[in-house]
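Data block for my_file_22.csv (CSV, N, CA and C atoms and all ligand atoms):
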```
chain,number,residue,atom,x,y,z
A,1,MET,N,5.1,41.1,28.5
A,1,MET,CA,6.3,41.8,28.6
A,1,MET,C,7.3,41.3,27.6
A,2,SER,N,8.0,42.1,26.9
A,2,SER,CA,8.9,41.7,25.9
A,2,SER,C,10.2,41.1,26.5
A,3,GLU,N,10.9,40.3,25.8
A,3,GLU,CA,12.1,39.7,26.3
A,3,GLU,C,13.1,40.8,26.7
A,4,GLY,N,13.2,41.8,25.9
A,4,GLY,CA,14.1,42.9,26.2
A,4,GLY,C,13.7,43.6,27.5
A,5,ALA,N,12.4,43.8,27.7
A,5,ALA,CA,12.0,44.5,29.0
A,5,ALA,C,12.3,43.6,30.2
A,6,ARG,N,12.0,42.3,30.0
A,6,ARG,CA,12.3,41.3,31.1
A,6,ARG,C,13.8,41.3,31.4
A,7,GLU,N,14.6,41.3,30.4
A,7,GLU,CA,16.1,41.3,30.7
A,7,GLU,C,16.5,42.6,31.4
A,8,ALA,N,15.9,43.7,31.0
A,8,ALA,CA,16.2,45.0,31.6
A,8,ALA,C,15.8,45.0,33.1
A,9,GLN,N,14.8,44.3,33.4
A,9,GLN,CA,14.4,44.2,34.8
A,9,GLN,C,15.2,43.2,35.6
A,10,GLY,N,16.0,42.4,34.9
A,10,GLY,CA,16.8,41.4,35.7
A,10,GLY,C,15.9,40.3,36.3
A,11,THR,N,15.1,39.6,35.6
A,11,THR,CA,14.1,38.7,36.2
A,11,THR,C,14.4,37.3,35.8
A,12,ALA,N,15.6,36.9,35.3
A,12,ALA,CA,15.9,35.5,35.0
A,12,ALA,C,15.5,34.6,36.1
A,13,GLY,N,15.9,34.9,37.3
A,13,GLY,CA,15.6,34.0,38.4
A,13,GLY,C,14.2,33.8,38.7
A,14,ALA,N,13.3,34.7,38.2
A,14,ALA,CA,11.9,34.6,38.5
A,14,ALA,C,11.2,33.7,37.4
A,15,GLU,N,12.0,33.3,36.4
A,15,GLU,CA,11.4,32.5,35.3
A,15,GLU,C,11.4,31.0,35.7
A,16,PRO,N,10.4,30.2,35.5
A,16,PRO,CA,10.4,28.8,35.9
A,16,PRO,C,11.6,28.1,35.3
A,17,GLY,N,12.3,27.3,36.1
A,17,GLY,CA,13.4,26.5,35.6
A,17,GLY,C,14.7,27.2,35.5
A,18,TRP,N,14.7,28.5,35.7
A,18,TRP,CA,16.0,29.3,35.7
A,18,TRP,C,16.6,29.3,37.1
A,19,ARG,N,18.0,29.3,37.1
A,19,ARG,CA,18.7,29.4,38.4
A,19,ARG,C,20.0,30.0,38.1
A,20,ALA,N,20.6,30.5,39.2
A,20,ALA,CA,21.9,31.1,39.1
A,20,ALA,C,22.9,30.0,39.0
A,21,LEU,N,23.9,30.1,38.1
A,21,LEU,CA,24.9,29.1,38.0
A,21,LEU,C,26.2,29.5,38.8
A,22,CYS,N,26.6,30.8,38.6
A,22,CYS,CA,27.8,31.2,39.3
A,22,CYS,C,28.0,32.7,39.0
A,23,PRO,N,28.8,33.4,39.8
A,23,PRO,CA,29.2,34.7,39.4
A,23,PRO,C,30.0,34.7,38.1
A,24,LEU,N,29.8,35.7,37.3
A,24,LEU,CA,30.5,35.8,36.1
A,24,LEU,C,32.0,35.8,36.4
A,25,ALA,N,32.4,36.4,37.4
A,25,ALA,CA,33.9,36.5,37.8
A,25,ALA,C,34.5,35.1,38.1
A,26,ALA,N,33.6,34.1,38.3
A,26,ALA,CA,34.1,32.7,38.6
A,26,ALA,C,34.7,32.0,37.4
A,27,ILE,N,34.4,32.6,36.2
A,27,ILE,CA,34.9,32.0,34.9
A,27,ILE,C,36.0,33.0,34.4
A,28,PRO,N,37.1,32.5,34.1
A,28,PRO,CA,38.2,33.4,33.5
A,28,PRO,C,37.7,34.1,32.3
A,29,PRO,N,38.1,35.4,32.1
A,29,PRO,CA,37.5,36.2,31.0
A,29,PRO,C,37.5,35.6,29.6
A,30,ASP,N,38.6,34.8,29.3
A,30,ASP,CA,38.6,34.1,28.0
A,30,ASP,C,38.8,32.6,28.2
A,31,GLY,N,38.2,32.1,29.3
A,31,GLY,CA,38.3,30.7,29.7
A,31,GLY,C,37.0,30.0,29.8
A,32,ALA,N,37.1,28.9,30.5
A,32,ALA,CA,35.9,28.0,30.6
A,32,ALA,C,35.9,27.3,31.9
A,33,LYS,N,34.7,26.9,32.3
A,33,LYS,CA,34.6,26.2,33.6
A,33,LYS,C,33.5,25.2,33.6
A,34,GLY,N,33.8,24.0,34.1
A,34,GLY,CA,32.9,22.9,34.2
A,34,GLY,C,32.1,22.9,35.5
A,35,PHE,N,30.9,22.3,35.4
A,35,PHE,CA,30.0,22.2,36.6
A,35,PHE,C,29.5,20.7,36.6
A,36,PRO,N,29.4,20.2,37.8
A,36,PRO,CA,29.1,18.7,37.9
A,36,PRO,C,27.6,18.5,37.5
A,37,PRO,N,27.3,17.2,37.2
A,37,PRO,CA,25.9,16.9,36.9
A,37,PRO,C,25.0,17.2,38.1
A,38,ASP,N,23.7,17.6,37.7
A,38,ASP,CA,22.7,17.6,38.7
A,38,ASP,C,22.4,16.2,39.2
A,39,PRO,N,21.9,16.1,40.5
A,39,PRO,CA,21.6,14.7,41.0
A,39,PRO,C,20.7,13.9,40.0
A,40,GLY,N,21.2,12.7,39.8
A,40,GLY,CA,20.4,11.8,38.9
A,40,GLY,C,20.7,12.0,37.4
A,41,ARG,N,21.6,12.9,37.1
A,41,ARG,CA,22.0,13.1,35.7
A,41,ARG,C,23.4,12.5,35.4
A,42,PHE,N,23.6,12.2,34.2
A,42,PHE,CA,25.0,11.7,33.8
A,42,PHE,C,25.9,12.8,33.5
A,43,SER,N,25.5,13.8,32.7
A,43,SER,CA,26.4,14.8,32.2
A,43,SER,C,26.2,16.1,33.0
A,44,GLY,N,27.4,16.7,33.2
A,44,GLY,CA,27.4,18.1,33.7
A,44,GLY,C,27.3,19.1,32.6
A,45,ILE,N,27.6,20.3,32.9
A,45,ILE,CA,27.6,21.4,31.9
A,45,ILE,C,28.9,22.1,32.0
A,46,PHE,N,29.2,23.0,31.0
A,46,PHE,CA,30.3,23.8,31.1
A,46,PHE,C,30.0,25.2,30.4
A,47,ALA,N,30.7,26.2,30.9
A,47,ALA,CA,30.5,27.6,30.4
A,47,ALA,C,31.8,28.1,29.9
A,48,VAL,N,31.7,28.8,28.7
A,48,VAL,CA,32.8,29.4,28.1
A,48,VAL,C,32.5,30.9,28.1
A,49,ARG,N,33.4,31.7,28.6
A,49,ARG,CA,33.3,33.1,28.7
A,49,ARG,C,34.1,33.9,27.7
A,50,ARG,N,33.4,34.8,27.1
A,50,ARG,CA,34.1,35.8,26.2
A,50,ARG,C,33.7,37.2,26.6
A,51,GLY,N,34.6,37.8,27.4
A,51,GLY,CA,34.3,39.1,28.0
A,51,GLY,C,33.1,39.0,28.9
A,52,GLU,N,32.0,39.7,28.5
A,52,GLU,CA,30.8,39.8,29.3
A,52,GLU,C,29.8,38.7,28.8
A,53,SER,N,30.1,38.0,27.8
A,53,SER,CA,29.2,37.0,27.3
A,53,SER,C,29.6,35.6,27.7
A,54,VAL,N,28.6,34.7,27.9
A,54,VAL,CA,28.9,33.3,28.4
A,54,VAL,C,28.0,32.4,27.5
A,55,PHE,N,28.6,31.3,27.1
A,55,PHE,CA,28.0,30.3,26.3
A,55,PHE,C,28.0,29.0,27.1
A,56,VAL,N,26.9,28.3,27.3
A,56,VAL,CA,26.8,27.2,28.2
A,56,VAL,C,26.3,26.0,27.4
A,57,TYR,N,27.0,24.8,27.6
A,57,TYR,CA,26.6,23.6,26.9
A,57,TYR,C,26.6,22.4,27.9
A,58,LEU,N,25.9,21.4,27.4
A,58,LEU,CA,26.0,20.1,28.1
A,58,LEU,C,27.4,19.6,27.9
A,59,ASN,N,28.0,19.0,29.0
A,59,ASN,CA,29.4,18.5,28.9
A,59,ASN,C,29.3,17.1,28.4
A,60,ALA,N,28.9,16.9,27.1
A,60,ALA,CA,28.8,15.6,26.5
A,60,ALA,C,29.1,15.8,25.0
A,61,CYS,N,30.2,15.1,24.6
A,61,CYS,CA,30.6,15.2,23.2
A,61,CYS,C,29.6,14.5,22.3
A,62,PRO,N,29.2,15.1,21.2
A,62,PRO,CA,28.3,14.4,20.3
A,62,PRO,C,28.9,13.1,19.7
A,63,HIS,N,30.2,12.9,19.8
A,63,HIS,CA,30.8,11.7,19.2
A,63,HIS,C,30.5,10.5,20.0
A,64,LEU,N,30.8,10.5,21.3
A,64,LEU,CA,30.6,9.3,22.2
A,64,LEU,C,29.8,9.6,23.5
A,65,GLY,N,29.5,10.9,23.7
A,65,GLY,CA,28.7,11.2,24.8
A,65,GLY,C,29.5,11.4,26.1
A,66,VAL,N,30.8,11.3,26.0
A,66,VAL,CA,31.7,11.5,27.2
A,66,VAL,C,31.9,13.0,27.5
A,67,SER,N,32.5,13.3,28.7
A,67,SER,CA,32.8,14.7,29.0
A,67,SER,C,33.9,15.1,28.1
A,68,LEU,N,33.9,16.4,27.7
A,68,LEU,CA,34.9,17.0,26.8
A,68,LEU,C,36.2,17.2,27.5
A,69,ASP,N,36.2,17.5,28.8
A,69,ASP,CA,37.4,17.8,29.6
A,69,ASP,C,38.0,16.6,30.3
A,70,ILE,N,39.1,16.0,29.9
A,70,ILE,CA,39.8,15.0,30.7
A,70,ILE,C,40.5,15.7,31.8
A,71,VAL,N,41.2,16.8,31.6
A,71,VAL,CA,41.7,17.6,32.6
A,71,VAL,C,40.6,18.6,33.0
A,72,PRO,N,40.2,18.7,34.3
A,72,PRO,CA,39.1,19.5,34.7
A,72,PRO,C,39.3,21.0,34.1
A,73,ASP,N,38.2,21.5,33.6
A,73,ASP,CA,38.1,22.8,33.1
A,73,ASP,C,38.9,23.1,31.8
A,74,ARG,N,39.5,22.1,31.2
A,74,ARG,CA,40.2,22.3,30.0
A,74,ARG,C,39.3,22.0,28.8
A,75,PHE,N,38.5,23.0,28.4
A,75,PHE,CA,37.5,22.9,27.3
A,75,PHE,C,37.9,23.5,26.0
A,76,LEU,N,39.0,24.3,26.0
A,76,LEU,CA,39.4,25.1,24.8
A,76,LEU,C,40.6,24.5,24.1
A,77,ALA,N,40.6,24.7,22.8
A,77,ALA,CA,41.8,24.3,22.0
A,77,ALA,C,42.9,25.4,22.3
A,78,PRO,N,44.2,25.0,22.1
A,78,PRO,CA,45.3,26.0,22.2
A,78,PRO,C,44.9,27.3,21.4
A,79,GLY,N,45.1,28.4,22.0
A,79,GLY,CA,44.7,29.7,21.4
A,79,GLY,C,43.4,30.2,21.9
A,80,GLY,N,42.5,29.2,22.4
A,80,GLY,CA,41.3,29.6,23.0
A,80,GLY,C,40.2,30.0,22.0
A,81,GLU,N,40.3,29.7,20.7
A,81,GLU,CA,39.3,30.2,19.8
A,81,GLU,C,38.2,29.2,19.5
A,82,ARG,N,38.4,27.9,20.0
A,82,ARG,CA,37.4,26.9,19.8
A,82,ARG,C,37.3,26.0,21.0
A,83,ILE,N,36.2,25.4,21.2
A,83,ILE,CA,36.0,24.4,22.2
A,83,ILE,C,36.6,23.1,21.6
A,84,ARG,N,37.3,22.3,22.4
A,84,ARG,CA,37.9,21.1,21.9
A,84,ARG,C,37.6,19.9,22.9
A,85,CYS,N,37.1,18.8,22.3
A,85,CYS,CA,37.0,17.6,23.1
A,85,CYS,C,38.4,17.0,23.3
A,86,GLN,N,38.7,16.7,24.5
A,86,GLN,CA,40.0,16.2,24.8
A,86,GLN,C,40.2,14.7,24.4
A,87,THR,N,39.1,14.0,24.1
A,87,THR,CA,39.2,12.6,23.9
A,87,THR,C,39.7,12.3,22.5
A,88,HIS,N,39.0,12.8,21.4
A,88,HIS,CA,39.5,12.6,20.0
A,88,HIS,C,39.7,13.9,19.3
A,89,GLY,N,39.7,15.0,19.9
A,89,GLY,CA,40.1,16.3,19.3
A,89,GLY,C,39.0,17.0,18.5
A,90,ALA,N,37.8,16.6,18.6
A,90,ALA,CA,36.7,17.4,17.8
A,90,ALA,C,36.8,18.8,18.3
A,91,GLU,N,36.6,19.8,17.3
A,91,GLU,CA,36.6,21.2,17.7
A,91,GLU,C,35.3,21.8,17.3
A,92,PHE,N,34.8,22.7,18.2
A,92,PHE,CA,33.5,23.3,18.1
A,92,PHE,C,33.6,24.8,18.2
A,93,ARG,N,32.7,25.5,17.4
A,93,ARG,CA,32.6,27.0,17.6
A,93,ARG,C,32.1,27.3,19.0
A,94,ILE,N,32.7,28.3,19.5
A,94,ILE,CA,32.2,28.7,20.9
A,94,ILE,C,30.8,29.3,20.9
A,95,GLU,N,30.5,30.1,19.8
A,95,GLU,CA,29.2,30.8,19.9
A,95,GLU,C,28.0,29.9,19.7
A,96,ASP,N,28.1,28.8,19.0
A,96,ASP,CA,26.9,28.0,18.8
A,96,ASP,C,27.1,26.5,19.0
A,97,GLY,N,28.4,26.1,19.3
A,97,GLY,CA,28.6,24.7,19.6
A,97,GLY,C,28.7,23.8,18.4
A,98,PHE,N,28.8,24.4,17.1
A,98,PHE,CA,28.8,23.6,15.9
A,98,PHE,C,30.2,22.9,15.8
A,99,CYS,N,30.2,21.6,15.4
A,99,CYS,CA,31.5,20.9,15.3
A,99,CYS,C,32.1,21.2,13.9
A,100,LEU,N,33.2,21.8,13.9
A,100,LEU,CA,33.9,22.2,12.7
A,100,LEU,C,34.8,21.1,12.2
A,101,LYS,N,35.4,20.3,13.1
A,101,LYS,CA,36.3,19.2,12.6
A,101,LYS,C,36.4,18.1,13.7
A,102,GLY,N,36.7,16.9,13.2
A,102,GLY,CA,36.8,15.8,14.1
A,102,GLY,C,35.7,14.8,13.8
A,103,PRO,N,35.7,13.7,14.6
A,103,PRO,CA,34.8,12.6,14.2
A,103,PRO,C,33.3,12.9,14.2
A,104,CYS,N,32.9,14.0,14.8
A,104,CYS,CA,31.5,14.4,14.8
A,104,CYS,C,31.2,15.7,14.1
A,105,ALA,N,32.1,16.0,13.1
A,105,ALA,CA,31.9,17.2,12.3
A,105,ALA,C,30.5,17.3,11.7
A,106,GLY,N,30.0,18.5,11.9
A,106,GLY,CA,28.6,18.7,11.4
A,106,GLY,C,27.5,18.6,12.5
A,107,ALA,N,27.9,17.9,13.6
A,107,ALA,CA,27.0,17.8,14.7
A,107,ALA,C,27.2,19.0,15.6
A,108,SER,N,26.5,19.1,16.7
A,108,SER,CA,26.6,20.3,17.6
A,108,SER,C,26.5,19.9,19.0
A,109,LEU,N,27.2,20.6,19.9
A,109,LEU,CA,27.0,20.5,21.3
A,109,LEU,C,25.5,20.9,21.7
A,110,THR,N,25.1,20.4,22.8
A,110,THR,CA,23.7,20.7,23.2
A,110,THR,C,23.8,22.0,24.1
A,111,ALA,N,23.1,23.0,23.6
A,111,ALA,CA,23.2,24.3,24.3
A,111,ALA,C,22.2,24.3,25.5
A,112,VAL,N,22.7,25.0,26.5
A,112,VAL,CA,21.9,25.3,27.7
A,112,VAL,C,21.5,26.8,27.7
A,113,PRO,N,20.2,27.1,27.8
A,113,PRO,CA,19.9,28.5,27.8
A,113,PRO,C,20.6,29.3,28.9
A,114,SER,N,21.1,30.4,28.6
A,114,SER,CA,21.9,31.2,29.6
A,114,SER,C,21.8,32.7,29.3
A,115,ARG,N,22.1,33.4,30.3
A,115,ARG,CA,22.2,34.9,30.2
A,115,ARG,C,23.0,35.4,31.4
A,116,VAL,N,23.6,36.6,31.2
A,116,VAL,CA,24.3,37.2,32.3
A,116,VAL,C,23.5,38.4,32.7
A,117,GLU,N,23.3,38.5,34.0
A,117,GLU,CA,22.6,39.7,34.6
A,117,GLU,C,23.3,40.2,35.8
A,118,GLN,N,23.7,41.4,35.8
A,118,GLN,CA,24.3,42.0,37.0
A,118,GLN,C,25.4,41.2,37.6
A,119,GLY,N,26.2,40.7,36.7
A,119,GLY,CA,27.4,39.9,37.2
A,119,GLY,C,27.2,38.5,37.6
A,120,VAL,N,26.0,38.0,37.3
A,120,VAL,CA,25.6,36.6,37.6
A,120,VAL,C,25.2,35.8,36.3
A,121,VAL,N,25.8,34.6,36.2
A,121,VAL,CA,25.4,33.8,35.1
A,121,VAL,C,24.2,33.0,35.5
A,122,TRP,N,23.1,33.1,34.7
A,122,TRP,CA,21.9,32.3,34.9
A,122,TRP,C,21.7,31.3,33.8
A,123,ILE,N,21.2,30.1,34.2
A,123,ILE,CA,20.9,29.1,33.2
A,123,ILE,C,19.4,28.7,33.3
A,124,GLY,N,18.9,28.3,32.1
A,124,GLY,CA,17.5,27.8,32.1
A,124,GLY,C,17.5,26.3,32.2
A,125,PRO,N,16.4,25.6,31.9
A,125,PRO,CA,16.4,24.2,32.0
A,125,PRO,C,17.5,23.5,31.2
A,126,VAL,N,18.1,22.5,31.8
A,126,VAL,CA,19.2,21.8,31.1
A,126,VAL,C,18.6,20.7,30.3
A,127,PRO,N,18.8,20.7,29.0
A,127,PRO,CA,18.3,19.6,28.2
A,127,PRO,C,18.8,18.2,28.5
A,128,ASP,N,18.1,17.2,28.2
A,128,ASP,CA,18.6,15.8,28.4
A,128,ASP,C,19.7,15.5,27.4
B,1,LIG,S1,34.5,11.6,22.3
B,1,LIG,FE1,34.8,13.7,21.7
B,1,LIG,S2,35.8,13.6,19.8
B,1,LIG,FE2,35.5,11.5,20.4
```

Would you mind giving the structure from this file in structure tokens?
Amino acid sequence: MSEGAREAQGTAGAEPGWRALCPLAAIPPDGAKGFPPDPGRFSGIFAVRRGESVFVYLNACPHLGVSLDIVPDRFLAPGGERIRCQTHGAEFRIEDGFCLKGPCAGASLTAVPSRVEQGVVWIGPVPD
């Protein structure tokens, strides 16, 4: 079955390692939301929503490995056009997590596979 056909059938939850993260409505339309680490893991994840699209990353700055949000759920720079690490101000593209400026310029956030189906955000296996 093609990826497109699989998505059309809404089968993300049937794929090994995929699970529902939250309702899309739980993330503000142009905002972001953090989620705690799974048991036994150091880093949580966070999701940035742009309309009906969601981008999910490991909540670990490539600079020092710390969480990006000192204030819970504050993942975006003023204006909301970039992700920003609150520790030393590195800024990342929302769409692919590439660091545009800051101490880890040229590095990238670690992406978590994700998709939105029928108003639910699904994620695949979370990388280490
Ligand atoms: S820890 Fe993120 S910019 Fe330094």

Practice item. Name the closest residue to ligand LIG 1 (chain B) among the candidates A:Pro62, A:Pro72, A:Pro125, A:Gly34; distances are taken between atoms, counting only N, CA and C atoms and all ligand atoms. Key: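 Among the listed residues, the smallest separation from ligand LIG 1 (chain B) belongs to A:Pro62.
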
Do you have, as CSV, the list of residues of chain A lying at most 7 Å from ligand LIG 1 (chain B), each with its nearest atom pair and that distance in Å to one decimal, counting only C-alpha atoms and all ligand atoms and ordered by chain then number?
```
residue,atom,partner,partner_atom,distance
A:Cys61,CA,B:LIG1,FE1,4.7
A:Pro62,CA,B:LIG1,FE1,6.7
A:His63,CA,B:LIG1,S1,4.8
A:Leu64,CA,B:LIG1,S1,4.5
A:Gly65,CA,B:LIG1,S1,6.3
A:Val66,CA,B:LIG1,S1,5.6
A:Leu68,CA,B:LIG1,FE1,6.1
A:Cys85,CA,B:LIG1,FE1,4.7
A:Gln86,CA,B:LIG1,FE1,6.5
A:Thr87,CA,B:LIG1,FE1,5.0
A:His88,CA,B:LIG1,S2,3.8
A:Gly89,CA,B:LIG1,S2,5.1
A:Ala90,CA,B:LIG1,S2,4.4
A:Gly102,CA,B:LIG1,S2,6.2
A:Pro103,CA,B:LIG1,S2,5.8
A:Cys104,CA,B:LIG1,S2,6.6
```

Could you pull out the strand (DSSP E or B) residues of chain A from DSSP and send them as a PyMOL selection string?
chain A and resi 19-23+32-35+45-50+53-58+76+82-84+91-93+98-101+108+111-112+114-117+120-123

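Going from CA of Phe42 (chain A) to CA of Arg82 (chain A) covers 24.1 Å.
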
TODO: Run DSSP on the backbone and grab whatever in chain A lands in alpha helix (DSSP H); send it over as a list in words.
DONE: Glu3, Gly4, Ala5, Arg6, Glu7, Ala8 and Gln9 of chain A

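Taking all atoms listed in the file into account, Gly97 (chain A) lies nearest to A:Tyr57 out of the set A:Asp69, A:Ala20, A:Tyr57, A:Val126.
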